[in-house]
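Structure file input-v1.cif with mmCIF, C-alpha atoms:
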data_protein
loop_
_atom_site.label_atom_id
_atom_site.label_comp_id
_atom_site.auth_asym_id
_atom_site.auth_seq_id
_atom_site.Cartn_x
_atom_site.Cartn_y
_atom_site.Cartn_z
CA MET A 1 110.79 88.78 84.03
CA SER A 2 109.51 88.80 80.45
CA ALA A 3 113.03 88.24 79.11
CA GLU A 4 113.61 85.36 81.55
CA ILE A 5 110.37 83.64 80.51
CA TRP A 6 111.14 84.14 76.81
CA ASN A 7 114.57 82.63 77.26
CA LEU A 8 112.92 79.41 78.41
CA ILE A 9 109.93 79.17 76.07
CA ARG A 10 111.29 80.48 72.79
CA ASN A 11 111.95 77.00 71.42
CA GLU A 12 108.62 75.57 72.64
CA ASP A 13 105.14 75.68 71.12
CA TRP A 14 103.99 78.38 73.55
CA SER A 15 100.86 80.40 74.17
CA LEU A 16 100.53 83.56 76.31
CA VAL A 17 97.09 83.62 77.89
CA SER A 18 97.25 86.91 79.79
CA GLU A 19 97.19 90.65 79.25
CA VAL A 20 100.50 92.51 78.73
CA VAL A 21 99.49 96.04 79.68
CA PHE A 22 100.44 95.56 83.33
CA GLN A 23 104.01 94.62 82.41
CA SER A 24 104.58 97.73 80.28
CA PHE A 25 103.95 95.55 77.19
CA TRP A 26 107.29 93.76 77.62
CA PRO A 27 106.09 90.37 76.25
CA THR A 28 104.81 91.88 73.02
CA ARG A 29 107.94 94.04 72.78
CA LEU A 30 110.38 91.16 73.31
CA TRP A 31 108.73 87.93 72.21
CA ASP A 32 108.31 86.77 68.65
CA PHE A 33 104.56 86.30 68.08
CA THR A 34 103.91 84.41 64.83
CA LYS A 35 100.77 82.31 65.51
CA HIS A 36 97.22 83.36 66.36
CA TYR A 37 97.04 81.28 69.53
CA GLN A 38 100.16 82.82 71.01
CA PHE A 39 98.29 85.79 72.50
CA ILE A 40 94.88 85.81 74.15
CA GLY A 41 94.67 89.62 74.07
CA GLY A 42 93.03 91.93 76.57
CA HIS A 43 89.81 91.51 78.49
CA GLY A 44 88.03 94.33 76.75
CA ALA A 45 87.25 96.28 79.88
CA TYR A 46 88.78 97.38 83.16
CA GLY A 47 87.25 94.75 85.38
CA VAL A 48 89.50 92.99 87.87
CA GLY A 49 89.38 89.24 88.38
CA TYR A 50 89.06 88.11 84.75
CA GLY A 51 92.71 87.18 84.27
CA ALA A 52 93.13 84.00 86.31
CA PRO A 53 89.91 82.22 85.23
CA ALA A 54 90.45 83.23 81.58
CA ALA A 55 93.98 81.83 81.71
CA VAL A 56 92.79 78.49 83.07
CA GLY A 57 90.12 78.27 80.38
CA ALA A 58 92.63 79.07 77.64
CA ALA A 59 95.07 76.54 79.08
CA LEU A 60 92.33 73.91 78.96
CA ALA A 61 91.76 74.75 75.28
CA ASN A 62 95.51 74.48 74.63
CA ARG A 63 95.91 71.17 76.47
CA LYS A 64 94.95 68.86 73.61
CA TYR A 65 97.54 70.57 71.37
CA GLY A 66 100.33 70.08 73.90
CA ARG A 67 101.18 73.78 74.01
CA LEU A 68 103.19 75.33 76.81
CA THR A 69 100.66 77.78 78.21
CA VAL A 70 101.95 80.84 80.09
CA ASN A 71 99.94 83.17 82.30
CA ILE A 72 101.61 86.30 83.69
CA GLN A 73 99.25 86.76 86.59
CA SER A 74 98.56 90.07 88.37
CA ASP A 75 98.35 89.72 92.15
CA GLY A 76 95.25 91.85 92.64
CA ASP A 77 93.43 89.95 89.91
CA LEU A 78 94.16 86.55 91.46
CA ASN A 79 92.53 87.54 94.75
CA TYR A 80 89.10 87.80 93.12
CA ALA A 81 88.71 84.12 92.23
CA PRO A 82 91.66 82.17 93.64
CA GLY A 83 89.60 78.97 93.65
CA VAL A 84 90.43 78.68 89.96
CA LEU A 85 93.85 77.39 91.07
CA TRP A 86 92.06 74.36 92.50
CA THR A 87 90.12 74.00 89.25
CA ALA A 88 93.38 73.83 87.29
CA VAL A 89 94.80 71.19 89.63
CA HIS A 90 91.59 69.17 89.82
CA HIS A 91 91.30 68.94 86.04
CA ASN A 92 95.03 68.45 85.38
CA ILE A 93 95.34 71.58 83.27
CA PRO A 94 98.98 72.33 82.43
CA LEU A 95 99.57 76.05 83.00
CA LEU A 96 102.62 78.10 83.98
CA ASN A 97 101.45 80.93 86.24
CA VAL A 98 104.08 83.62 86.80
CA MET A 99 102.98 86.14 89.40
CA HIS A 100 103.54 89.79 88.52
CA ASN A 101 103.37 90.57 92.22
CA ASN A 102 103.64 94.33 92.69
CA ARG A 103 101.77 93.98 95.96
CA SER A 104 99.01 96.37 95.02
CA TYR A 105 95.97 97.14 92.94
CA HIS A 106 98.41 99.28 91.03
CA GLN A 107 96.20 100.58 88.25
CA GLU A 108 93.87 102.01 90.87
CA ARG A 109 96.79 103.24 92.96
CA MET A 110 98.17 105.27 90.05
CA TYR A 111 94.76 106.71 89.35
CA VAL A 112 94.23 107.77 92.96
CA ALA A 113 97.73 109.30 93.08
CA ASP A 114 96.90 111.25 89.93
CA MET A 115 93.65 112.54 91.41
CA ALA A 116 95.31 113.41 94.74
CA ALA A 117 98.01 115.48 93.03
CA ARG A 118 95.46 117.27 90.86
CA ALA A 119 93.49 118.15 94.02
CA GLU A 120 96.71 119.20 95.81
CA ARG A 121 96.19 116.55 98.47
CA ASP A 122 98.78 114.36 100.20
CA VAL A 123 99.87 111.81 97.59
CA SER A 124 101.69 109.71 100.19
CA LYS A 125 98.39 108.36 101.53
CA VAL A 126 97.10 106.68 98.38
CA ASP A 127 98.38 103.26 99.42
CA ILE A 128 95.39 103.08 101.76
CA GLY A 129 93.03 100.50 100.29
CA ASN A 130 95.27 99.97 97.26
CA ALA A 131 98.46 98.37 98.57
CA ILE A 132 98.31 94.60 99.13
CA SER A 133 100.94 94.41 101.86
CA ASP A 134 101.22 94.22 105.65
CA PRO A 135 101.04 91.28 105.50
CA ASN A 136 102.42 90.37 102.09
CA ILE A 137 100.52 87.51 100.48
CA ASP A 138 102.57 84.35 99.99
CA TYR A 139 101.28 83.16 96.61
CA ALA A 140 103.51 80.08 96.48
CA THR A 141 101.91 78.89 99.70
CA MET A 142 98.48 79.80 98.35
CA ALA A 143 99.17 77.63 95.30
CA LYS A 144 100.28 74.75 97.53
CA ALA A 145 97.08 75.09 99.57
CA TYR A 146 95.15 74.36 96.37
CA GLY A 147 97.41 71.39 95.60
CA MET A 148 99.53 73.21 93.00
CA PHE A 149 103.31 73.36 92.70
CA GLY A 150 104.38 76.75 94.06
CA ILE A 151 107.74 78.47 94.35
CA GLY A 152 108.73 81.92 95.63
CA PRO A 153 108.53 84.71 96.52
CA ILE A 154 111.38 85.44 94.11
CA GLU A 155 113.05 88.73 95.06
CA ASN A 156 116.55 88.19 93.62
CA PRO A 157 116.63 88.31 89.80
CA ALA A 158 119.31 85.60 89.80
CA ASP A 159 116.80 83.17 91.36
CA LEU A 160 114.15 83.70 88.71
CA GLY A 161 115.52 81.59 85.85
CA PRO A 162 116.06 78.45 87.96
CA ALA A 163 112.59 78.81 89.57
CA LEU A 164 110.95 79.12 86.16
CA ARG A 165 112.82 76.03 84.94
CA LYS A 166 111.48 73.97 87.85
CA ALA A 167 107.95 75.18 87.22
CA ILE A 168 108.15 74.48 83.48
CA ASP A 169 109.26 70.92 84.25
CA VAL A 170 106.08 70.49 86.31
CA VAL A 171 103.91 71.97 83.54
CA LYS A 172 105.48 69.65 80.97
CA ARG A 173 104.35 66.74 83.14
CA GLY A 174 100.77 67.94 82.60
CA GLU A 175 100.20 69.91 85.81
CA PRO A 176 99.79 73.59 86.65
CA ALA A 177 102.51 75.50 88.54
CA LEU A 178 102.95 78.94 90.04
CA VAL A 179 106.08 81.09 90.45
CA ASP A 180 105.62 84.10 92.73
CA VAL A 181 107.79 86.99 91.45
CA VAL A 182 107.98 90.23 93.43
CA SER A 183 108.06 92.89 90.76
CA GLU A 184 108.26 96.56 89.90
CA PRO A 185 104.89 98.35 89.81
CA ARG A 186 104.88 98.23 86.00
CA MET B 1 140.69 144.73 88.24
CA LYS B 2 140.33 141.04 89.20
CA LYS B 3 136.77 141.68 90.38
CA LEU B 4 135.95 143.42 87.13
CA PHE B 5 137.32 140.46 85.15
CA LEU B 6 135.26 137.95 87.18
CA SER B 7 132.11 139.99 86.68
CA ALA B 8 132.77 140.11 82.98
CA VAL B 9 133.22 136.32 82.85
CA LEU B 10 130.01 135.69 84.81
CA ALA B 11 128.12 138.09 82.60
CA ALA B 12 129.41 136.31 79.53
CA PHE B 13 128.68 132.84 80.89
CA PRO B 14 125.55 133.03 83.08
CA ALA B 15 125.43 129.24 83.33
CA ILE B 16 128.60 129.33 85.43
CA ALA B 17 126.97 131.70 87.87
CA LEU B 18 123.81 129.59 87.98
CA ALA B 19 125.73 126.39 88.58
CA GLN B 20 127.64 127.97 91.44
CA ASN B 21 124.43 129.16 93.08
CA ALA B 22 122.36 126.03 92.40
CA PRO B 23 121.08 124.38 95.59
CA THR B 24 122.35 120.89 96.21
CA GLY B 25 120.09 118.12 97.44
CA ASN B 26 120.58 115.11 99.66
CA VAL B 27 120.61 111.82 97.74
CA GLN B 28 119.36 109.62 100.60
CA THR B 29 116.56 112.01 101.50
CA GLY B 30 115.72 112.28 97.83
CA LYS B 31 115.44 108.51 97.57
CA GLN B 32 113.00 108.43 100.49
CA LEU B 33 110.97 111.29 99.04
CA PHE B 34 110.90 109.59 95.62
CA VAL B 35 109.08 106.69 97.30
CA LYS B 36 107.00 108.77 99.72
CA HIS B 37 105.57 110.95 96.96
CA GLN B 38 104.97 107.84 94.82
CA CYS B 39 107.17 108.94 91.89
CA TYR B 40 108.13 105.27 91.56
CA TYR B 41 104.56 104.26 90.70
CA CYS B 42 105.11 105.35 87.10
CA HIS B 43 108.86 105.93 86.80
CA GLY B 44 110.07 102.74 88.59
CA THR B 45 112.02 102.47 91.84
CA THR B 46 115.29 103.41 90.17
CA GLY B 47 113.77 105.84 87.69
CA GLN B 48 114.10 103.28 84.91
CA GLY B 49 110.76 104.21 83.35
CA SER B 50 107.70 102.16 82.42
CA ARG B 51 104.59 102.24 80.28
CA ASP B 52 103.26 105.04 82.46
CA GLY B 53 106.29 107.25 83.02
CA ARG B 54 109.51 108.08 81.22
CA ARG B 55 112.97 107.04 82.29
CA ILE B 56 114.19 109.82 84.58
CA ALA B 57 117.34 108.28 86.10
CA GLN B 58 120.23 110.64 85.36
CA THR B 59 117.82 113.09 83.78
CA ALA B 60 119.42 115.35 81.19
CA MET B 61 117.46 118.31 82.57
CA ASN B 62 118.91 120.62 85.19
CA LEU B 63 117.14 121.33 88.48
CA GLN B 64 115.29 124.32 87.07
CA GLY B 65 114.08 122.27 84.12
CA VAL B 66 112.86 119.45 86.36
CA THR B 67 111.15 121.94 88.67
CA ASN B 68 109.43 123.66 85.77
CA TYR B 69 108.19 120.33 84.41
CA VAL B 70 106.94 119.01 87.74
CA ARG B 71 105.05 122.25 88.38
CA LYS B 72 103.58 122.42 84.88
CA PRO B 73 103.91 119.04 83.11
CA THR B 74 102.86 118.69 79.50
CA GLY B 75 102.01 114.96 79.37
CA ALA B 76 99.73 112.69 81.39
CA MET B 77 101.57 113.46 84.64
CA PRO B 78 99.61 115.60 87.08
CA ALA B 79 101.17 118.85 88.34
CA TYR B 80 102.83 118.62 91.74
CA THR B 81 102.45 122.08 93.27
CA GLU B 82 104.55 123.48 96.10
CA LYS B 83 101.66 122.69 98.41
CA ILE B 84 102.34 118.95 98.12
CA LEU B 85 106.02 118.90 97.05
CA SER B 86 108.32 121.71 98.16
CA ASP B 87 111.26 123.11 96.19
CA LYS B 88 113.57 121.70 98.86
CA GLU B 89 112.08 118.20 98.47
CA LEU B 90 112.33 118.48 94.71
CA THR B 91 115.99 119.43 95.04
CA ASP B 92 116.62 116.26 97.06
CA ILE B 93 114.73 114.13 94.53
CA PHE B 94 116.77 115.73 91.74
CA ALA B 95 119.98 114.79 93.58
CA TYR B 96 118.72 111.19 93.83
CA LEU B 97 117.90 111.04 90.13
CA LYS B 98 121.33 112.38 89.23
CA SER B 99 123.00 109.78 91.48
CA LEU B 100 121.43 106.81 89.68
CA PRO B 101 123.54 104.71 87.32
CA PRO B 102 123.06 105.00 83.56
CA ALA B 103 121.05 102.37 81.69
CA LYS B 104 123.05 99.32 80.62
CA ALA B 105 123.57 98.82 76.91
CA VAL B 106 121.61 95.90 75.42
CA LYS B 107 124.87 94.14 74.58
CA ASP B 108 125.70 94.13 78.30
CA ILE B 109 122.46 92.33 79.23
CA PRO B 110 122.81 88.73 77.96
CA LEU B 111 119.07 87.96 78.07
CA LEU B 112 118.27 90.98 75.90
CA ASP B 113 121.28 90.69 73.64
CA GLN B 114 120.12 87.28 72.43
CA ILE B 115 116.74 88.66 71.34
CA LYS B 116 117.15 89.73 67.74
#

Output the structure of this file as structure tokens.
Amino acid sequence: MSAEIWNLIRNEDWSLVSEVVFQSFWPTRLWDFTKHYQFIGGHGAYGVGYGAPAAVGAALANRKYGRLTVNIQSDGDLNYAPGVLWTAVHHNIPLLNVMHNNRSYHQERMYVADMAARAERDVSKVDIGNAISDPNIDYATMAKAYGMFGIGPIENPADLGPALRKAIDVVKRGEPALVDVVSEPR
Amino acid sequence: MKKLFLSAVLAAFPAIALAQNAPTGNVQTGKQLFVKHQCYYCHGTTGQGSRDGRRIAQTAMNLQGVTNYVRKPTGAMPAYTEKILSDKELTDIFAYLKSLPPAKAVKDIPLLDQIK
């Protein structure tokens, strides 16, 4: 996913306004960061729910410079304050949201699995309360409900590049967009 | 005389004897157990590795090495004792890991090859 995004933004004036830790640091490993505004950095704590609102705020700051603002958005994080999608639409804030949709609160899930194994308890049960599935959340439809362009869920890697292109076209028109990508845990 | 010769060969090359006696696992069962026991959380669904767990597809270790590590890991991974993961299950998981394809070279992945 990080390579696909980079392929499409590398020749733009881009800005990444999300954390990279949840994608195994792939953006900072693959992308060429040369300007201070190209990376917002981490949130400084382990709270959940900061990512989406912070991305919209950063995108608003980037708007007057005409930068292509990219948010790789964790699914668990978005569920804390999804109304910020409406905020982005209402205020015409151009922002490319790419869902890193591993269908879980995965940081917590790994921690609970770790604790279960250390206590010699059944590790197979740690999805309880941590998996965000059954039903899966349709984030493209969620985006549309807030008036935002939404596409996905993308499950075939071959579909990702074309979906990102469509979303970037929307963002370049001055609007936010969301691409729901079903992903590996990390 | 033949028996004596075979014994001498096995004594000289214990790895041959070990390989012949090594239990073999079931790849499909191993795949299911890999998910059930949440190995994929850190190592990825095809053992490709991530920030939180090394690449383990086609592990270079033998079954005994994998078993030793899982029982007494040295890194951040918690120990999986026999109480929660049996030797038989581990043998199946090992078979699954060995069945996975090798990593592609960067030059064979166009998106990565263009990143210099």

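You will find CA of Arg109 (chain A) at 10.0 Å from CA of Pro185 (chain A).
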
Using only C-alpha atoms, which residues sit within 8 Å of Leu97 (chain B) once same-chain residues fewer than 4 positions away are excluded, as a PyMOL selection string? chain B and resi 47+56-59+93

Tell me which protein, DNA and RNA residues are within 10 Å of Gln114 (chain B), counting all atoms listed in the file, leaving out same-chain ones fewer than 6 positions away, and put them as a ChimeraX atom specification. /A:3,7 /B:106-107

Between chain A and chain B, at 8 Å or less, what are the per-residue closest atom pairs and their distances in Å? Count all atoms listed in the file, order by chain and rising residue number, and return it as JSON lines.
{"residue": "A:Ala3", "atom": "CA", "partner": "B:Leu111", "partner_atom": "CA", "distance": 6.1}
{"residue": "A:Glu4", "atom": "CA", "partner": "B:Leu111", "partner_atom": "CA", "distance": 7.0}
{"residue": "A:Asn7", "atom": "CA", "partner": "B:Leu111", "partner_atom": "CA", "distance": 7.0}
{"residue": "A:Gln23", "atom": "CA", "partner": "B:Arg51", "partner_atom": "CA", "distance": 7.9}
{"residue": "A:Ser24", "atom": "CA", "partner": "B:Arg51", "partner_atom": "CA", "distance": 4.5}
{"residue": "A:Phe25", "atom": "CA", "partner": "B:Arg51", "partner_atom": "CA", "distance": 7.4}
{"residue": "A:Leu30", "atom": "CA", "partner": "B:Ile115", "partner_atom": "CA", "distance": 7.1}
{"residue": "A:His106", "atom": "CA", "partner": "B:Tyr41", "partner_atom": "CA", "distance": 7.9}
{"residue": "A:Met110", "atom": "CA", "partner": "B:Tyr41", "partner_atom": "CA", "distance": 6.5}
{"residue": "A:Ala113", "atom": "CA", "partner": "B:Gln38", "partner_atom": "CA", "distance": 7.6}
{"residue": "A:Asp114", "atom": "CA", "partner": "B:Pro78", "partner_atom": "CA", "distance": 5.9}
{"residue": "A:Met115", "atom": "CA", "partner": "B:Pro78", "partner_atom": "CA", "distance": 8.0}
{"residue": "A:Ala117", "atom": "CA", "partner": "B:Tyr80", "partner_atom": "CA", "distance": 5.9}
{"residue": "A:Arg118", "atom": "CA", "partner": "B:Pro78", "partner_atom": "CA", "distance": 5.9}
{"residue": "A:Glu120", "atom": "CA", "partner": "B:Ile84", "partner_atom": "CA", "distance": 6.1}
{"residue": "A:Arg121", "atom": "CA", "partner": "B:Ile84", "partner_atom": "CA", "distance": 6.6}
{"residue": "A:Asp122", "atom": "CA", "partner": "B:Ile84", "partner_atom": "CA", "distance": 6.2}
{"residue": "A:Val123", "atom": "CA", "partner": "B:His37", "partner_atom": "CA", "distance": 5.8}
{"residue": "A:Ser124", "atom": "CA", "partner": "B:His37", "partner_atom": "CA", "distance": 5.2}
{"residue": "A:Glu184", "atom": "CA", "partner": "B:Gly44", "partner_atom": "CA", "distance": 6.6}
{"residue": "A:Pro185", "atom": "CA", "partner": "B:Tyr41", "partner_atom": "CA", "distance": 6.0}
{"residue": "A:Arg186", "atom": "CA", "partner": "B:Ser50", "partner_atom": "CA", "distance": 6.0}

Figure out the distance between CA of Met99 (chain A) and CA of Ile5 (chain A), please, to one decimal in Å.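 Taking CA of Ile5 (chain A) as the start and CA of Met99 (chain A) as the end point, the length is 11.8 Å.
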
Selection result for the PyMOL selection byres ((chain A and resi 46) around 12) on this file, as a PyMOL selection string: chain A and resi 19+21-22+42-45+47-51+77+107-108

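One distance worth recording is that between CA of Tyr111 (chain A) and CA of Asp127 (chain A), which is 11.2 Å.
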
For this structure, which residues satisfy the selection - the PyMOL selection byres ((chain A and resi 131-134) around 6) - when it is evaluated on the file as given? I want them as a ChimeraX atom specification. /A:103-104,127,130,135-136

Applying the PyMOL selection byres ((chain A and resi 163) around 10) to the file I just gave you, which residues come out? Please list them as a list in words.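 Against this file, the PyMOL selection byres ((chain A and resi 163) around 10) returns the residues Gly150, Ile151, Gly152, Pro153, Ile154, Ala158, Asp159, Leu160, Gly161, Pro162, Leu164, Arg165, Lys166, Ala167, Ile168, Leu178, Val179, Asp180 and Val181 of chain A.
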
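Among the candidates A:Val70, A:Val126, A:Val112, A:Ala52, the one nearest to Val98 (chain A) when counting only C-alpha atoms is A:Val70.
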
Env of His90 (chain A): 12 Å cut, atoms = only C-alpha atoms, seq-sep filter 3 positions within chain, self excluded. Answer as a VMD selection string. chain A and resid 56 60 83 to 87 93 to 94 146 to 148 174 to 176

Which residue is closest to Val17 (chain A)? Choose from A:Asn92, A:Thr141, A:Gln73, A:Asn101 and count all atoms listed in the file.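 Of the candidates, the smallest distance to Val17 (chain A) is held by A:Gln73.
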
Non-local contacts of Ser18 (chain A) (6 Å; only C-alpha atoms; under 2 positions in same chain excluded) as a list in words: Leu16, Asn71 and Ile72 of chain A

From the options B:Ala95, B:Val66, B:Met61, B:Ala105, which residue's atoms come nearest to Thr29 (chain B), counting all atoms listed in the file?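 Looking only at the distances to Thr29 (chain B), the closest residue turns out to be B:Ala95.
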
Around all the atoms of region 62-80 of chain A listed in the file, draw an axis-aligned box and extend it by 6 Å on each of the six sides; I want its centre and edge lengths in Å to one decimal, as JSON.
{"center_x": 96.1, "center_y": 80.4, "center_z": 83.1, "size_x": 26.1, "size_y": 35.0, "size_z": 35.4}

From A:Ala177, A:Met1, A:Ile137, A:Leu8, residue lying nearest Pro27 (chain A) [only C-alpha atoms]: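 Closest to Pro27 (chain A) of all the choices is A:Met1.
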